[in-house]
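**Student:** Below is the file input.csv, which contains CSV, C-alpha atoms.
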```csv
chain,number,residue,atom,x,y,z
O,1,MET,CA,0.0,0.0,0.0
O,2,VAL,CA,1.5,3.3,-1.1
O,3,ASN,CA,0.0,6.7,-0.1
O,4,ASN,CA,1.5,10.0,-1.2
O,5,THR,CA,1.3,13.1,1.1
O,6,GLU,CA,2.8,16.4,0.2
O,7,SER,CA,5.2,17.6,2.8
O,8,SER,CA,3.8,21.1,2.3
O,9,GLU,CA,0.6,19.9,3.8
O,10,SER,CA,2.3,20.0,7.2
O,11,SER,CA,3.2,23.1,9.1
O,12,ASP,CA,6.7,24.4,9.4
O,13,ASP,CA,7.2,21.7,12.0
O,14,GLU,CA,6.9,18.9,9.5
O,15,GLN,CA,9.0,15.9,10.0
O,16,SER,CA,11.2,14.5,7.3
O,17,TYR,CA,13.6,11.6,7.6
O,18,SER,CA,17.2,12.3,7.0
O,19,SER,CA,18.9,9.0,6.0
O,20,SER,CA,22.3,10.4,6.8
O,21,SER,CA,21.5,11.3,10.4
O,22,GLU,CA,19.2,8.3,11.0
O,23,GLU,CA,16.6,10.4,12.8
O,24,TRP,CA,13.6,12.5,12.2
O,25,SER,CA,14.3,16.2,12.0
O,26,LYS,CA,12.3,19.4,11.8
O,27,SER,CA,12.6,21.1,8.4
O,28,SER,CA,10.6,23.9,7.0
O,29,ASP,CA,12.3,24.3,3.6
O,30,ASP,CA,12.5,20.6,2.6
O,31,ALA,CA,10.3,20.1,-0.4
O,32,ASP,CA,10.7,16.3,-0.7
O,33,GLU,CA,7.5,14.4,-0.7
O,34,ILE,CA,6.7,11.9,2.1
O,35,VAL,CA,5.1,8.7,1.0
O,36,GLU,CA,3.4,6.0,3.0
O,37,VAL,CA,4.4,2.4,2.2
O,38,ASN,CA,2.8,-0.4,4.3
O,39,GLY,CA,2.3,1.9,7.3
O,40,PHE,CA,5.8,3.5,7.1
O,41,GLN,CA,6.4,7.0,6.0
O,42,VAL,CA,9.5,7.4,3.9
O,43,LEU,CA,10.9,10.0,1.6
O,44,ASP,CA,9.9,9.8,-2.1
O,45,SER,CA,13.5,8.9,-2.9
O,46,GLN,CA,13.3,5.8,-0.7
O,47,VAL,CA,10.0,4.5,-1.9
O,48,ASN,CA,11.5,2.1,-4.5
O,49,GLN,CA,13.8,0.6,-1.9
O,50,VAL,CA,11.0,0.1,0.6
O,51,LEU,CA,8.7,-1.3,-2.0
O,52,ALA,CA,11.4,-3.8,-3.2
O,53,ILE,CA,11.9,-5.0,0.4
O,54,PHE,CA,8.1,-5.5,0.9
O,55,GLU,CA,7.8,-7.1,-2.5
O,56,LYS,CA,10.5,-9.7,-1.7
O,57,TYR,CA,9.6,-10.1,2.0
O,58,PRO,CA,5.9,-9.2,2.3
O,59,ASP,CA,5.6,-10.5,5.8
O,60,MET,CA,8.7,-8.6,7.0
O,61,ALA,CA,6.7,-6.2,9.2
O,62,SER,CA,3.8,-8.4,10.1
O,63,ASP,CA,4.9,-8.8,13.7
O,64,PHE,CA,6.1,-5.1,14.0
O,65,SER,CA,3.9,-3.8,16.8
O,66,LEU,CA,4.9,-0.2,17.3
O,67,LYS,CA,2.0,2.2,16.8
O,68,ASN,CA,3.9,5.5,17.1
O,69,GLN,CA,4.4,6.7,13.6
O,70,GLN,CA,7.7,8.5,14.3
O,71,LEU,CA,9.1,5.3,15.8
O,72,ARG,CA,7.9,3.2,12.9
O,73,ASN,CA,9.5,5.6,10.5
O,74,ALA,CA,12.8,5.7,12.5
O,75,TYR,CA,12.9,1.9,12.6
O,76,MET,CA,12.4,1.8,8.8
O,77,GLY,CA,15.2,4.4,8.4
O,78,VAL,CA,17.5,2.3,10.5
O,79,LEU,CA,16.7,-0.7,8.4
O,80,LEU,CA,17.4,1.2,5.1
O,81,ASN,CA,20.7,2.5,6.5
O,82,LEU,CA,21.7,-0.9,7.6
O,83,ILE,CA,21.0,-2.3,4.1
O,84,MET,CA,23.0,0.6,2.6
O,85,THR,CA,25.9,-0.1,5.0
O,86,LEU,CA,26.0,-3.8,3.9
O,87,CYS,CA,26.1,-2.6,0.3
O,88,GLN,CA,29.5,-1.1,0.8
O,89,SER,CA,32.6,-2.9,-0.5
O,90,PRO,CA,34.3,-5.3,2.0
O,91,ASP,CA,37.3,-2.8,1.9
O,92,GLU,CA,35.0,0.0,3.2
O,93,LEU,CA,33.2,-2.1,5.8
O,94,THR,CA,35.0,-2.3,9.1
O,95,MET,CA,34.6,-4.9,11.8
O,96,ASP,CA,33.0,-2.2,13.9
O,97,ASP,CA,30.4,-1.6,11.1
O,98,LEU,CA,29.7,-5.3,11.0
O,99,ASN,CA,29.4,-5.6,14.8
O,100,LYS,CA,27.0,-2.6,14.8
O,101,ALA,CA,25.0,-4.2,11.9
O,102,ASP,CA,24.8,-7.4,13.9
O,103,SER,CA,23.3,-5.7,16.9
O,104,THR,CA,21.1,-3.6,14.8
O,105,VAL,CA,19.6,-6.6,13.2
O,106,LEU,CA,19.0,-8.0,16.6
O,107,ASP,CA,17.3,-4.8,17.8
O,108,LEU,CA,15.1,-4.7,14.7
O,109,THR,CA,14.2,-8.3,15.1
O,110,LYS,CA,13.2,-7.7,18.8
O,111,ALA,CA,11.0,-4.8,17.5
O,112,GLY,CA,9.1,-7.3,15.4
O,113,PHE,CA,10.7,-7.2,12.0
O,114,LYS,CA,11.3,-10.6,10.3
O,115,LEU,CA,14.8,-10.3,9.1
O,116,HIS,CA,16.2,-13.8,8.7
O,117,TRP,CA,17.3,-12.8,5.2
O,118,LEU,CA,19.2,-9.8,6.5
O,119,ARG,CA,20.8,-11.9,9.2
O,120,GLN,CA,22.2,-14.1,6.5
O,121,LYS,CA,23.6,-11.2,4.6
O,122,VAL,CA,25.3,-9.8,7.8
O,123,ASP,CA,26.8,-13.3,8.4
O,124,GLU,CA,27.9,-13.4,4.8
O,125,ALA,CA,29.6,-10.0,5.2
O,126,PHE,CA,31.4,-11.3,8.3
O,127,LEU,CA,32.6,-14.3,6.3
O,128,LYS,CA,33.7,-12.2,3.4
O,129,LYS,CA,35.6,-9.9,5.8
O,130,GLU,CA,37.3,-12.8,7.5
O,131,LYS,CA,38.2,-14.5,4.2
O,132,LYS,CA,39.6,-11.3,2.9
O,133,ARG,CA,41.7,-11.0,6.1
O,134,GLU,CA,42.9,-14.6,5.7
O,135,PHE,CA,43.7,-14.0,2.0
O,136,ARG,CA,45.7,-10.9,2.8
O,137,ALA,CA,47.7,-12.7,5.4
O,138,ARG,CA,48.4,-15.6,3.0
O,139,ILE,CA,49.4,-13.1,0.3
O,140,ARG,CA,51.7,-11.3,2.7
O,141,LEU,CA,53.3,-14.6,3.6
O,142,LEU,CA,53.7,-15.7,0.0
O,143,GLU,CA,55.2,-12.3,-0.9
O,144,GLU,CA,57.8,-12.7,1.8
O,145,LYS,CA,58.6,-16.2,0.6
O,146,VAL,CA,59.0,-15.0,-3.0
O,147,LYS,CA,61.2,-12.1,-1.8
O,148,LYS,CA,63.4,-14.6,0.2
O,149,ARG,CA,63.6,-17.0,-2.8
O,150,LYS,CA,64.5,-14.1,-5.1
O,151,LEU,CA,67.4,-13.1,-2.7
O,152,SER,CA,68.4,-16.7,-2.5
O,153,LEU,CA,68.3,-17.0,-6.3
O,154,SER,CA,70.3,-13.8,-6.6
O,155,ASP,CA,73.0,-15.3,-4.3
O,156,LEU,CA,73.0,-18.5,-6.3
O,157,GLU,CA,73.4,-16.6,-9.6
O,158,SER,CA,76.3,-14.7,-8.1
O,159,ASP,CA,77.9,-18.0,-6.9
O,160,LEU,CA,77.4,-19.4,-10.4
O,161,LYS,CA,79.1,-16.5,-12.0
O,162,LYS,CA,82.1,-16.9,-9.7
O,163,GLN,CA,82.3,-20.6,-10.4
O,164,LYS,CA,82.2,-20.0,-14.1
O,165,ALA,CA,85.0,-17.4,-13.9
O,166,THR,CA,87.1,-19.8,-11.8
O,167,ALA,CA,86.4,-22.7,-14.2
O,168,LEU,CA,87.3,-20.5,-17.2
O,169,ALA,CA,90.6,-19.6,-15.5
O,170,THR,CA,91.4,-23.3,-15.1
O,171,GLU,CA,90.8,-23.9,-18.8
O,172,THR,CA,93.3,-21.4,-20.1
O,173,PRO,CA,96.6,-22.9,-21.1
O,174,PHE,CA,99.9,-21.9,-19.6
O,175,ASP,CA,101.8,-19.3,-21.4
O,176,PHE,CA,105.5,-19.8,-22.1
O,177,SER,CA,106.4,-17.1,-19.6
O,178,ASP,CA,104.2,-18.9,-17.0
O,179,ILE,CA,106.4,-22.0,-17.3
O,180,VAL,CA,109.8,-20.4,-17.7
```
Show how you would write the structure in this file as structure tokens.
**Tutor:**
Amino acid sequence: MVNNTESSESSDDEQSYSSSSEEWSKSSDDADEIVEVNGFQVLDSQVNQVLAIFEKYPDMASDFSLKNQQLRNAYMGVLLNLIMTLCQSPDELTMDDLNKADSTVLDLTKAGFKLHWLRQKVDEAFLKKEKKREFRARIRLLEEKVKKRKLSLSDLESDLKKQKATALATETPFDFSDIV
């Protein structure tokens, strides 16, 4: 269910969700439209994301029991921010981000959201981060081994050149002056 409401219908004290601050804030000059999707009010720019979530997981909020609209909207904002956090590359995601995501999923689940699918994604992100850490450690170890072998090979090549020079010196015949 999607309902559009112009933000200009509200007074100067209208509330609009700021995804960067993760909280509802007062704004009098924000002309973005607020849209209701399945009982949650979101910015027009977030409608497609929320619709996609409800399309794929229609019962996601079936146990969500909060009646306060501001809290409902805040929880949806937290969910959207969590999803956007998980969309970052593994390089950008820190273990702190993942730990916060883990506890956020727990909080959202306690509030009544059915987020087994998101729990799996957080777990996958942890695994990716751990595998990346393991691969980096292995790569570092292999790079050190290659460096040592290159040094060893360089030493062997130097020894080989010396041996060839010595062997070449033993192959030269004596000169008359060397004997007399």
**Student:** Please measure the separation of CA of Ser158 in chain O and CA of Ile139 in chain O, giving the value in Å to one decimal.
**Tutor:**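 If I compute the distance from CA of Ser158 in chain O to CA of Ile139 in chain O, I get 28.2 Å.
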**Student:** Could you name the residues that touch Ala125 in chain O at 9 Å or less, counting only C-alpha atoms, but leaving out those on the same chain fewer than 4 positions away, as a PyMOL selection string?
**Tutor:** chain O and resi 86+90+93+98+120-121+129-130
**Student:** Which residue is closest to His116 in chain O? Choose from O:Asp32, O:Asp175, O:Asp96, O:Asp59 and count all atoms listed in the file.
**Tutor:**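 Nearest to His116 in chain O: O:Asp59.
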**Student:** Using only C-alpha atoms, which of the listed residues (O:Asn68, O:Thr109, O:Thr94, O:Gln46) sits closest to Asn81 in chain O?
**Tutor:**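 Answer, going by the shortest atom-to-atom distance: O:Gln46.
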**Student:** May I ask for the distance between CA of Ala101 in chain O and CA of Leu82 in chain O, given in Å to one decimal place?
**Tutor:**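 Separation between CA of Ala101 in chain O and CA of Leu82 in chain O: 6.3 Å.
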**Student:** Would you please work out which residue, of O:Asp44, O:Gln49, O:Asn38, O:Phe113, is nearest to Asp63 in chain O when using all atoms listed in the file?
**Tutor:** O:Phe113
**Student:** Counting all atoms listed in the file, which residue out of O:Val122, O:Leu115, O:Ala165, O:Ala137 sits closest to Lys56 in chain O?
**Tutor:** O:Leu115
**Student:** Report, in Å with one decimal, the straight-line distance from CA of Tyr57 in chain O to CA of Lys131 in chain O.
**Tutor:**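 Result for CA of Tyr57 in chain O versus CA of Lys131 in chain O: 29.0 Å, one decimal.
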